[in-house]
Structures are given as structure tokens and as C-alpha cells.
Amino acid sequence: MPVLNFAIFRPALWLLAILPLPIVHFLGVALGWIVYVTSPHLARLARENLEKSGIARNRNDYRRVLFRNMGESGKVLLETFSIWQKPLKKVLAWVRGCDGWEHVETAMARGKGIIFLTPHLGCFEITSLYYAAQQPITVLYRPPKQKWLQPMIEAGRARGKASLAPATGQGVRELLMALRRGEAVGILPDQIPYQGEGEWANYFGRPAYTMTLASRLAEKTGAAVIMAFGERLPFGRGYHIHLTPLADGSINTVAGLNAAIESQVRQCPEQYLWNYHRHKISRRTKPITPS
């Protein structure tokens, strides 16, 4: 998600807790286009990442995806604040369907835990809450730079049977313990890792510094790996969750992990966060390693 200073709008954010989803998404489309027009850097990133991905079949297809993506990117921002503040029961009512739950049941029967990989695609807040309404899940997150967001994140994400683990050594140990209990963990696999926590691998044809954490956890625990995607339905009608299992060993390398993410993004490229700076490296040097 792009880093924007929403603190100046903080007094008005509570409105998102009472607005219906169609209006939240309508406002999100407007916000997406405002950001696109007023932020040349983010607009350039979106155009460049989409164009170089090779997803668009031709120029017309490229324009169509880019046009829709501007609005979808704005929806991400506003729906996130809305989901964090609304009662969990109302948020779950937005889920209109789920494909692939049988793969969750199969993975649970194995007893080795589940690693849910949720890229910056569609609504990535809804998937963990949907699962947490039924089963325990520990979600890895990076504490925000804007400190006023921390209480909102904790209140919005740690609901139902969900708990949060910070992106630190202690947080990774919490993920490992959850998997060893046979529980689920959630990870954003296309989030840029800190220096020392990743390896370079091709992502849509260009080098991207890619996390090794998901691969290490899968290899160490034998946990089932499932891609999770909350598709945003048109006109604010809600979300449809897609759960896609990956073959054992398919993400044992970062190249395999990126290939799995690419396959997921190709299902709905309009809803991917193309203005996320996926092809850069963080300056932080302290690594986190499962032990």
C-alpha cells in the first residue's frame, strides 16, 4: 500500500466505519484518481510495473487494466480503514463466497499447519479475518511508520481467532510455533524484505528482492501452502475469496515463490497494487530467521 499521510484526515476516518461498502468504494475510485494525478511518482510506478510485467496483451489491454487499476488502488486505502473500524460481523457479511475451502480442510487434517500467502491483490485485509472467524491464525505484519496507526491496526486485525506477530525475530518464532501447533499463519509474500532477509529472483521478468521467510517456514515445518485472494466485486457488492493450494516444495526457492505470486496476479491484474515499489531493496540490515 502506498505510504500516504492520513493523519491529517484522522478526525474524518471514523466516517468510514458507518458508510456502506458501495460508497466506500465509490470514494476510493475518486481517491485513486486524485493520487494518480497528484503523485507523479506513484503514477509512474504503476505504469512502469504494469507495462514491464507483460500481462497486457496489447496497448488497448494495457490502457484498460491501468484505467481500472487506478480506481482499485484507491479502494484499497479506504476499504482498509473501513474494515478495521467496522464490527467484525458486518465485515464478514461482505464475503459473498469462498472457493477452495476444501483445501483448508485437507491441510488441517495433515496437522502440519497452513501458510496462507496473500499478495497485494484485491482486498488482503478480508482474507485473514474470514479465516480467523473459524480457525486460529497468526498474521505477520510490519509495524507502521505512522505510529498513530498502530492501535487501529491491532484493533482491526487481531479479531476473532487472529493474532499479530511483528516482523522481528520474536514474531517469526511466533509463526513457527503456530505452525508446529498445526495452526495457520498469514504472510504478504510480495512485501519487500529488509536487507539480509531475501534473495534476488525474477518477478514479472525483472529482478526483485524477494523474502526467504515463507520458503524457510514451508521447508522447515512441511506446512501446506495456500494462496489467498479476496476478489473485490464490482459496485461495492462485497468480496469473493479464492483459495489455491500449492504443490509441496513449490516455494522452496524464491523463484518458485515469485512464480506462484505471478500466477495469482494474472487472475485479476486490475486489482494488483502496481504502484507498490516491488523492485527495490530496503536499507534495514537486521535479518530475521526462523529457529
# chains A, B, ... in the order shown; residues from 1 in each chain; ligands from 1
>>> residues_around(residues="Ala30 (chain A)", least_positions_apart="5", cutoff="10 Å", atoms="only C-alpha atoms", output="PyMOL selection string")
chain A and resi 25+35-36+70-72+74-75
>>> write_last_selection(atoms="N, CA and C atoms", output="CSV table (one decimal), in the first residue's frame")
chain,number,residue,atom,x,y,z
A,25,HIS,N,-16.3,2.3,-1.7
A,25,HIS,CA,-15.6,2.0,-3.0
A,25,HIS,C,-15.7,3.1,-4.0
A,35,VAL,N,-4.9,10.5,-6.4
A,35,VAL,CA,-3.5,10.2,-6.2
A,35,VAL,C,-2.7,10.0,-7.5
A,36,TYR,N,-3.3,9.4,-8.5
A,36,TYR,CA,-2.7,9.2,-9.8
A,36,TYR,C,-2.3,10.6,-10.4
A,70,MET,N,-6.3,2.2,-11.3
A,70,MET,CA,-6.2,3.5,-10.6
A,70,MET,C,-7.4,3.5,-9.5
A,71,GLY,N,-8.6,3.2,-10.0
A,71,GLY,CA,-9.7,3.2,-9.0
A,71,GLY,C,-9.6,2.1,-8.0
A,72,GLU,N,-9.1,0.9,-8.4
A,72,GLU,CA,-9.0,-0.2,-7.5
A,72,GLU,C,-7.9,0.1,-6.4
A,74,GLY,N,-7.3,3.0,-5.1
A,74,GLY,CA,-7.9,3.9,-4.1
A,74,GLY,C,-8.8,3.2,-3.2
A,75,LYS,N,-9.5,2.2,-3.8
A,75,LYS,CA,-10.4,1.3,-2.9
A,75,LYS,C,-9.6,0.6,-1.8
>>> residues_around(residues="Glu105 (chain A)", least_positions_apart="4", cutoff="12 Å", atoms="only C-alpha atoms", output="list in words")
Gly100, Trp101, Ala109, Arg110, Gly111, Gly113, Ile114, Tyr131, Gln134, Gln135, Glu183, Ala184, Ala224, Ile226, Leu243 and Pro245 of chain A
>>> write_last_selection(atoms="N, CA and C atoms", output="PDB file, in the first residue's frame")
ATOM      1  N   GLY A 100     -12.500 -23.077  -2.625  1.00  0.00           N
ATOM      2  CA  GLY A 100     -11.302 -23.776  -2.202  1.00  0.00           C
ATOM      3  C   GLY A 100     -11.193 -24.099  -0.730  1.00  0.00           C
ATOM      4  N   TRP A 101     -12.293 -23.944   0.011  1.00  0.00           N
ATOM      5  CA  TRP A 101     -12.214 -24.243   1.452  1.00  0.00           C
ATOM      6  C   TRP A 101     -11.874 -25.713   1.701  1.00  0.00           C
ATOM      7  N   ALA A 109      -6.234 -31.552   8.206  1.00  0.00           N
ATOM      8  CA  ALA A 109      -6.175 -32.983   8.527  1.00  0.00           C
ATOM      9  C   ALA A 109      -4.728 -33.480   8.567  1.00  0.00           C
ATOM     10  N   ARG A 110      -3.842 -32.845   7.798  1.00  0.00           N
ATOM     11  CA  ARG A 110      -2.422 -33.224   7.816  1.00  0.00           C
ATOM     12  C   ARG A 110      -1.764 -32.873   9.135  1.00  0.00           C
ATOM     13  N   GLY A 111      -2.247 -31.791   9.775  1.00  0.00           N
ATOM     14  CA  GLY A 111      -1.750 -31.422  11.091  1.00  0.00           C
ATOM     15  C   GLY A 111      -0.412 -30.726  11.127  1.00  0.00           C
ATOM     16  N   GLY A 113       0.053 -27.568   9.888  1.00  0.00           N
ATOM     17  CA  GLY A 113      -0.142 -26.133   9.768  1.00  0.00           C
ATOM     18  C   GLY A 113      -0.363 -25.687   8.329  1.00  0.00           C
ATOM     19  N   ILE A 114      -0.761 -24.417   8.193  1.00  0.00           N
ATOM     20  CA  ILE A 114      -1.041 -23.837   6.878  1.00  0.00           C
ATOM     21  C   ILE A 114      -0.346 -22.487   6.775  1.00  0.00           C
ATOM     22  N   TYR A 131     -10.843 -16.223   7.708  1.00  0.00           N
ATOM     23  CA  TYR A 131     -10.326 -17.459   8.271  1.00  0.00           C
ATOM     24  C   TYR A 131     -10.372 -17.420   9.798  1.00  0.00           C
ATOM     25  N   GLN A 134     -13.138 -18.615  11.975  1.00  0.00           N
ATOM     26  CA  GLN A 134     -13.365 -20.052  12.097  1.00  0.00           C
ATOM     27  C   GLN A 134     -12.213 -20.808  12.757  1.00  0.00           C
ATOM     28  N   GLN A 135     -10.973 -20.379  12.481  1.00  0.00           N
ATOM     29  CA  GLN A 135      -9.806 -21.098  12.972  1.00  0.00           C
ATOM     30  C   GLN A 135      -8.720 -20.098  13.392  1.00  0.00           C
ATOM     31  N   GLU A 183      -1.542 -24.873  13.439  1.00  0.00           N
ATOM     32  CA  GLU A 183      -2.386 -23.722  13.132  1.00  0.00           C
ATOM     33  C   GLU A 183      -1.926 -23.053  11.832  1.00  0.00           C
ATOM     34  N   ALA A 184      -2.590 -21.965  11.483  1.00  0.00           N
ATOM     35  CA  ALA A 184      -2.290 -21.242  10.247  1.00  0.00           C
ATOM     36  C   ALA A 184      -1.519 -19.966  10.535  1.00  0.00           C
ATOM     37  N   ALA A 224       1.276 -26.968   4.754  1.00  0.00           N
ATOM     38  CA  ALA A 224       0.616 -26.758   3.472  1.00  0.00           C
ATOM     39  C   ALA A 224       0.676 -25.272   3.126  1.00  0.00           C
ATOM     40  N   ILE A 226      -1.088 -22.243   0.860  1.00  0.00           N
ATOM     41  CA  ILE A 226      -2.307 -21.891   0.131  1.00  0.00           C
ATOM     42  C   ILE A 226      -2.267 -20.407  -0.214  1.00  0.00           C
ATOM     43  N   LEU A 243      -9.084 -19.563  -2.686  1.00  0.00           N
ATOM     44  CA  LEU A 243      -8.010 -20.279  -2.002  1.00  0.00           C
ATOM     45  C   LEU A 243      -7.426 -21.318  -2.956  1.00  0.00           C
ATOM     46  N   PRO A 245      -4.340 -24.082  -3.492  1.00  0.00           N
ATOM     47  CA  PRO A 245      -3.215 -24.797  -2.864  1.00  0.00           C
ATOM     48  C   PRO A 245      -2.017 -24.865  -3.803  1.00  0.00           C
TER      49      PRO A 245
END
>>> closest_residue(among="A:Leu233, A:Leu50, A:Ala247, A:Leu66", to="Trp33 (chain A)", atoms="only C-alpha atoms")
A:Leu66
>>> residues_around(residues="Ala255 (chain A)", least_positions_apart="5", cutoff="10 Å", atoms="only C-alpha atoms", output="NGL selection string")
:A and (199-203 or 208 or 210 or 250 or 260-261)
>>> write_last_selection(atoms="N, CA and C atoms", output="PDB file, in the first residue's frame")
ATOM      1  N   GLU A 199      16.374 -12.774  -1.188  1.00  0.00           N
ATOM      2  CA  GLU A 199      17.266 -13.101  -2.295  1.00  0.00           C
ATOM      3  C   GLU A 199      16.672 -12.498  -3.559  1.00  0.00           C
ATOM      4  N   TRP A 200      17.528 -12.264  -4.551  1.00  0.00           N
ATOM      5  CA  TRP A 200      17.059 -11.717  -5.807  1.00  0.00           C
ATOM      6  C   TRP A 200      16.524 -12.830  -6.703  1.00  0.00           C
ATOM      7  N   ALA A 201      15.371 -12.575  -7.307  1.00  0.00           N
ATOM      8  CA  ALA A 201      14.787 -13.518  -8.266  1.00  0.00           C
ATOM      9  C   ALA A 201      13.895 -12.730  -9.211  1.00  0.00           C
ATOM     10  N   ASN A 202      13.689 -13.262 -10.406  1.00  0.00           N
ATOM     11  CA  ASN A 202      12.840 -12.585 -11.377  1.00  0.00           C
ATOM     12  C   ASN A 202      11.396 -12.537 -10.901  1.00  0.00           C
ATOM     13  N   TYR A 203      10.799 -11.377 -11.111  1.00  0.00           N
ATOM     14  CA  TYR A 203       9.381 -11.188 -10.796  1.00  0.00           C
ATOM     15  C   TYR A 203       8.781 -10.408 -11.949  1.00  0.00           C
ATOM     16  N   ALA A 208      13.708  -8.823  -8.499  1.00  0.00           N
ATOM     17  CA  ALA A 208      13.027  -8.282  -7.327  1.00  0.00           C
ATOM     18  C   ALA A 208      13.599  -8.956  -6.085  1.00  0.00           C
ATOM     19  N   THR A 210      13.322 -10.681  -2.913  1.00  0.00           N
ATOM     20  CA  THR A 210      12.175 -11.485  -2.503  1.00  0.00           C
ATOM     21  C   THR A 210      12.432 -12.155  -1.157  1.00  0.00           C
ATOM     22  N   SER A 250       6.886 -26.296  -3.876  1.00  0.00           N
ATOM     23  CA  SER A 250       6.806 -25.327  -4.982  1.00  0.00           C
ATOM     24  C   SER A 250       7.381 -23.968  -4.626  1.00  0.00           C
ATOM     25  N   ALA A 260       4.539 -18.353  -8.152  1.00  0.00           N
ATOM     26  CA  ALA A 260       3.216 -18.571  -7.569  1.00  0.00           C
ATOM     27  C   ALA A 260       2.457 -17.250  -7.438  1.00  0.00           C
ATOM     28  N   ILE A 261       3.156 -16.201  -7.035  1.00  0.00           N
ATOM     29  CA  ILE A 261       2.511 -14.888  -6.912  1.00  0.00           C
ATOM     30  C   ILE A 261       2.072 -14.384  -8.283  1.00  0.00           C
TER      31      ILE A 261
END
>>> closest_residue(among="A:Ala167, A:Ala46, A:Ala162, A:Val254", to="Arg278 (chain A)", atoms="only C-alpha atoms")
A:Ala46
>>> closest_residue(among="A:Ala214, A:Leu175, A:Leu129, A:Leu117", to="Phe229 (chain A)", atoms="only C-alpha atoms")
A:Leu117
>>> closest_residue(among="A:Leu27, A:Val76, A:Ala178, A:Leu246", to="Leu121 (chain A)", atoms="only C-alpha atoms")
A:Val76
>>> select_by_dssp(residues="region 13-148 of chain A", states="strand (DSSP E)", output="MDAnalysis selection string")
chainID A and resid 95:99 114:117 137:141
>>> select_by_dssp(residues="region 69-272 of chain A", states="helix (DSSP H, G or I)", output="PyMOL selection string")
chain A and resi 69-85+88-92+101-110+126-132+149-157+169-180+213-221+234-236+254-265+269-271
>>> write_last_selection(atoms="C-alpha atoms", output="JSON list (two decimals), in the first residue's frame")
[["chain", "number", "residue", "atom", "x", "y", "z"],
["A", 69, "ASN", "CA", -6.28, -0.18, -11.55],
["A", 70, "MET", "CA", -6.24, 3.49, -10.57],
["A", 71, "GLY", "CA", -9.68, 3.17, -9.03],
["A", 72, "GLU", "CA", -8.96, -0.20, -7.46],
["A", 73, "SER", "CA", -5.83, 1.21, -5.79],
["A", 74, "GLY", "CA", -7.90, 3.91, -4.14],
["A", 75, "LYS", "CA", -10.40, 1.34, -2.93],
["A", 76, "VAL", "CA", -7.60, -0.49, -1.10],
["A", 77, "LEU", "CA", -6.88, 2.51, 1.07],
["A", 78, "LEU", "CA", -10.42, 3.39, 2.09],
["A", 79, "GLU", "CA", -11.73, -0.16, 2.47],
["A", 80, "THR", "CA", -8.82, -0.94, 4.80],
["A", 81, "PHE", "CA", -9.80, 1.84, 7.22],
["A", 82, "SER", "CA", -13.43, 0.81, 6.91],
["A", 83, "ILE", "CA", -12.71, -2.87, 7.67],
["A", 84, "TRP", "CA", -10.52, -2.01, 10.64],
["A", 85, "GLN", "CA", -13.26, 0.06, 12.25],
["A", 88, "LEU", "CA", -16.45, -7.97, 12.64],
["A", 89, "LYS", "CA", -19.92, -9.37, 12.00],
["A", 90, "LYS", "CA", -20.62, -6.65, 9.41],
["A", 91, "VAL", "CA", -17.23, -7.14, 7.74],
["A", 92, "LEU", "CA", -17.79, -10.89, 7.40],
["A", 101, "TRP", "CA", -12.21, -24.24, 1.45],
["A", 102, "GLU", "CA", -11.88, -27.99, 0.93],
["A", 103, "HIS", "CA", -8.12, -27.45, 0.56],
["A", 104, "VAL", "CA", -8.08, -25.88, 4.03],
["A", 105, "GLU", "CA", -9.82, -28.93, 5.47],
["A", 106, "THR", "CA", -7.33, -31.23, 3.76],
["A", 107, "ALA", "CA", -4.41, -29.22, 5.11],
["A", 108, "MET", "CA", -5.86, -29.19, 8.62],
["A", 109, "ALA", "CA", -6.17, -32.98, 8.53],
["A", 110, "ARG", "CA", -2.42, -33.22, 7.82],
["A", 126, "ILE", "CA", -10.61, -9.60, 4.40],
["A", 127, "THR", "CA", -8.95, -12.99, 3.91],
["A", 128, "SER", "CA", -7.34, -13.36, 7.34],
["A", 129, "LEU", "CA", -10.47, -12.11, 9.13],
["A", 130, "TYR", "CA", -12.60, -14.62, 7.23],
["A", 131, "TYR", "CA", -10.33, -17.46, 8.27],
["A", 132, "ALA", "CA", -9.97, -16.13, 11.84],
["A", 149, "LEU", "CA", -1.92, 3.77, 13.11],
["A", 150, "GLN", "CA", -0.62, 1.09, 15.48],
["A", 151, "PRO", "CA", -3.68, 0.92, 17.79],
["A", 152, "MET", "CA", -6.01, 0.93, 14.78],
["A", 153, "ILE", "CA", -4.10, -1.93, 13.13],
["A", 154, "GLU", "CA", -4.13, -4.00, 16.30],
["A", 155, "ALA", "CA", -7.84, -3.42, 16.89],
["A", 156, "GLY", "CA", -8.74, -4.04, 13.25],
["A", 157, "ARG", "CA", -6.67, -7.13, 12.53],
["A", 169, "GLY", "CA", 12.86, -12.39, 15.32],
["A", 170, "GLN", "CA", 10.28, -12.86, 18.05],
["A", 171, "GLY", "CA", 7.46, -12.52, 15.55],
["A", 172, "VAL", "CA", 8.95, -15.17, 13.29],
["A", 173, "ARG", "CA", 9.28, -17.52, 16.27],
["A", 174, "GLU", "CA", 5.58, -16.98, 16.92],
["A", 175, "LEU", "CA", 4.81, -18.03, 13.34],
["A", 176, "LEU", "CA", 6.94, -21.13, 13.73],
["A", 177, "MET", "CA", 5.26, -22.10, 16.99],
["A", 178, "ALA", "CA", 1.82, -21.62, 15.45],
["A", 179, "LEU", "CA", 2.70, -23.94, 12.57],
["A", 180, "ARG", "CA", 4.06, -26.54, 14.95],
["A", 213, "LEU", "CA", 10.86, -16.40, 5.14],
["A", 214, "ALA", "CA", 7.88, -18.14, 3.53],
["A", 215, "SER", "CA", 10.13, -20.66, 1.80],
["A", 216, "ARG", "CA", 12.05, -21.40, 5.00],
["A", 217, "LEU", "CA", 8.92, -21.88, 7.05],
["A", 218, "ALA", "CA", 7.42, -24.24, 4.47],
["A", 219, "GLU", "CA", 10.60, -26.28, 4.20],
["A", 220, "LYS", "CA", 11.18, -26.42, 7.97],
["A", 221, "THR", "CA", 7.64, -27.40, 9.00],
["A", 234, "PRO", "CA", -17.99, -4.61, -8.71],
["A", 235, "PHE", "CA", -20.22, -1.82, -7.40],
["A", 236, "GLY", "CA", -19.36, -2.50, -3.76],
["A", 254, "VAL", "CA", 12.27, -17.58, -4.08],
["A", 255, "ALA", "CA", 11.91, -18.11, -7.83],
["A", 256, "GLY", "CA", 9.15, -20.61, -7.12],
["A", 257, "LEU", "CA", 7.52, -18.19, -4.70],
["A", 258, "ASN", "CA", 7.51, -15.38, -7.28],
["A", 259, "ALA", "CA", 6.09, -17.71, -9.92],
["A", 260, "ALA", "CA", 3.22, -18.57, -7.57],
["A", 261, "ILE", "CA", 2.51, -14.89, -6.91],
["A", 262, "GLU", "CA", 2.61, -14.09, -10.63],
["A", 263, "SER", "CA", 0.08, -16.83, -11.33],
["A", 264, "GLN", "CA", -2.24, -15.34, -8.71],
["A", 265, "VAL", "CA", -1.89, -11.79, -10.04],
["A", 269, "PRO", "CA", -4.36, -7.86, -12.74],
["A", 270, "GLU", "CA", -6.71, -4.88, -12.39],
["A", 271, "GLN", "CA", -6.74, -5.39, -8.62]]
>>> residues_around(residues="Glu51 (chain A)", least_positions_apart="2", cutoff="12 Å", atoms="only C-alpha atoms", output="list in words")
Arg44, Leu45, Ala46, Arg47, Glu48, Asn49, Ser53, Gly54, Ile55, Ala56, Arg57, Asn58, Arg59, Asn60, Asp61, Tyr62, Arg63, Arg64, Val65, Leu66, Phe204, Gly205, Arg206, Pro269, Trp274 and Asn275 of chain A
>>> atom_distance(atom1="CA of His120 (chain A)", atom2="CA of Asn252 (chain A)")
20.8 Å
>>> atom_distance(atom1="CA of Lys86 (chain A)", atom2="CA of Leu13 (chain A)")
11.5 Å
>>> atom_distance(atom1="CA of Cys268 (chain A)", atom2="CA of Ala93 (chain A)")
22.5 Å
>>> closest_residue(among="A:Leu273, A:Gly160, A:His240, A:Thr253", to="Pro87 (chain A)", atoms="only C-alpha atoms")
A:Gly160
>>> closest_residue(among="A:Pro40, A:Gly249, A:Pro136, A:Gly196", to="Ala158 (chain A)", atoms="only C-alpha atoms")
A:Pro136
>>> residues_around(residues="Val139 (chain A)", least_positions_apart="6", cutoff="6 Å", atoms="only C-alpha atoms", output="NGL selection string")
:A and (164-165 or 185-186)
>>> write_last_selection(atoms="N, CA and C atoms", output="compact mmCIF listing (two decimals), in the first residue's frame")
# COMPACT_ATOMS: atom_id res chain seq x y z
N LEU A 164 -1.50 -11.15 15.99
CA LEU A 164 -0.50 -10.48 15.16
C LEU A 164 0.90 -10.82 15.64
N ALA A 165 1.81 -10.96 14.70
CA ALA A 165 3.23 -11.18 15.01
C ALA A 165 4.04 -10.14 14.26
N VAL A 185 -0.74 -19.52 9.53
CA VAL A 185 -0.09 -18.21 9.59
C VAL A 185 -0.39 -17.49 8.28
N GLY A 186 -0.34 -16.18 8.32
CA GLY A 186 -0.59 -15.37 7.13
C GLY A 186 0.59 -14.46 6.83
>>> decode(residues="region 95-110 of chain A", atoms="N, CA and C atoms", output="PDB file, in the first residue's frame")
ATOM      1  N   VAL A  95     -18.416 -10.896   2.702  1.00  0.00           N
ATOM      2  CA  VAL A  95     -17.882 -12.046   1.966  1.00  0.00           C
ATOM      3  C   VAL A  95     -19.044 -12.802   1.332  1.00  0.00           C
ATOM      4  N   ARG A  96     -19.098 -12.797  -0.006  1.00  0.00           N
ATOM      5  CA  ARG A  96     -20.215 -13.404  -0.732  1.00  0.00           C
ATOM      6  C   ARG A  96     -19.984 -14.864  -1.097  1.00  0.00           C
ATOM      7  N   GLY A  97     -18.747 -15.311  -0.992  1.00  0.00           N
ATOM      8  CA  GLY A  97     -18.469 -16.695  -1.324  1.00  0.00           C
ATOM      9  C   GLY A  97     -17.005 -17.005  -1.125  1.00  0.00           C
ATOM     10  N   CYS A  98     -16.680 -18.297  -1.125  1.00  0.00           N
ATOM     11  CA  CYS A  98     -15.294 -18.731  -0.952  1.00  0.00           C
ATOM     12  C   CYS A  98     -15.076 -19.999  -1.765  1.00  0.00           C
ATOM     13  N   ASP A  99     -14.110 -19.958  -2.670  1.00  0.00           N
ATOM     14  CA  ASP A  99     -13.718 -21.136  -3.437  1.00  0.00           C
ATOM     15  C   ASP A  99     -12.480 -21.764  -2.811  1.00  0.00           C
ATOM     16  N   GLY A 100     -12.500 -23.077  -2.625  1.00  0.00           N
ATOM     17  CA  GLY A 100     -11.302 -23.776  -2.202  1.00  0.00           C
ATOM     18  C   GLY A 100     -11.193 -24.099  -0.730  1.00  0.00           C
ATOM     19  N   TRP A 101     -12.293 -23.944   0.011  1.00  0.00           N
ATOM     20  CA  TRP A 101     -12.214 -24.243   1.452  1.00  0.00           C
ATOM     21  C   TRP A 101     -11.874 -25.713   1.701  1.00  0.00           C
ATOM     22  N   GLU A 102     -12.198 -26.570   0.759  1.00  0.00           N
ATOM     23  CA  GLU A 102     -11.879 -27.990   0.935  1.00  0.00           C
ATOM     24  C   GLU A 102     -10.372 -28.211   1.050  1.00  0.00           C
ATOM     25  N   HIS A 103      -9.579 -27.326   0.458  1.00  0.00           N
ATOM     26  CA  HIS A 103      -8.125 -27.448   0.565  1.00  0.00           C
ATOM     27  C   HIS A 103      -7.656 -27.101   1.988  1.00  0.00           C
ATOM     28  N   VAL A 104      -8.368 -26.190   2.628  1.00  0.00           N
ATOM     29  CA  VAL A 104      -8.075 -25.880   4.027  1.00  0.00           C
ATOM     30  C   VAL A 104      -8.349 -27.098   4.893  1.00  0.00           C
ATOM     31  N   GLU A 105      -9.476 -27.750   4.670  1.00  0.00           N
ATOM     32  CA  GLU A 105      -9.823 -28.926   5.469  1.00  0.00           C
ATOM     33  C   GLU A 105      -8.815 -30.055   5.269  1.00  0.00           C
ATOM     34  N   THR A 106      -8.353 -30.223   4.038  1.00  0.00           N
ATOM     35  CA  THR A 106      -7.333 -31.235   3.761  1.00  0.00           C
ATOM     36  C   THR A 106      -6.034 -30.908   4.486  1.00  0.00           C
ATOM     37  N   ALA A 107      -5.642 -29.644   4.446  1.00  0.00           N
ATOM     38  CA  ALA A 107      -4.407 -29.221   5.107  1.00  0.00           C
ATOM     39  C   ALA A 107      -4.514 -29.373   6.621  1.00  0.00           C
ATOM     40  N   MET A 108      -5.672 -29.053   7.176  1.00  0.00           N
ATOM     41  CA  MET A 108      -5.858 -29.190   8.617  1.00  0.00           C
ATOM     42  C   MET A 108      -5.747 -30.649   9.044  1.00  0.00           C
ATOM     43  N   ALA A 109      -6.234 -31.552   8.206  1.00  0.00           N
ATOM     44  CA  ALA A 109      -6.175 -32.983   8.527  1.00  0.00           C
ATOM     45  C   ALA A 109      -4.728 -33.480   8.567  1.00  0.00           C
ATOM     46  N   ARG A 110      -3.842 -32.845   7.798  1.00  0.00           N
ATOM     47  CA  ARG A 110      -2.422 -33.224   7.816  1.00  0.00           C
ATOM     48  C   ARG A 110      -1.764 -32.873   9.135  1.00  0.00           C
TER      49      ARG A 110
END
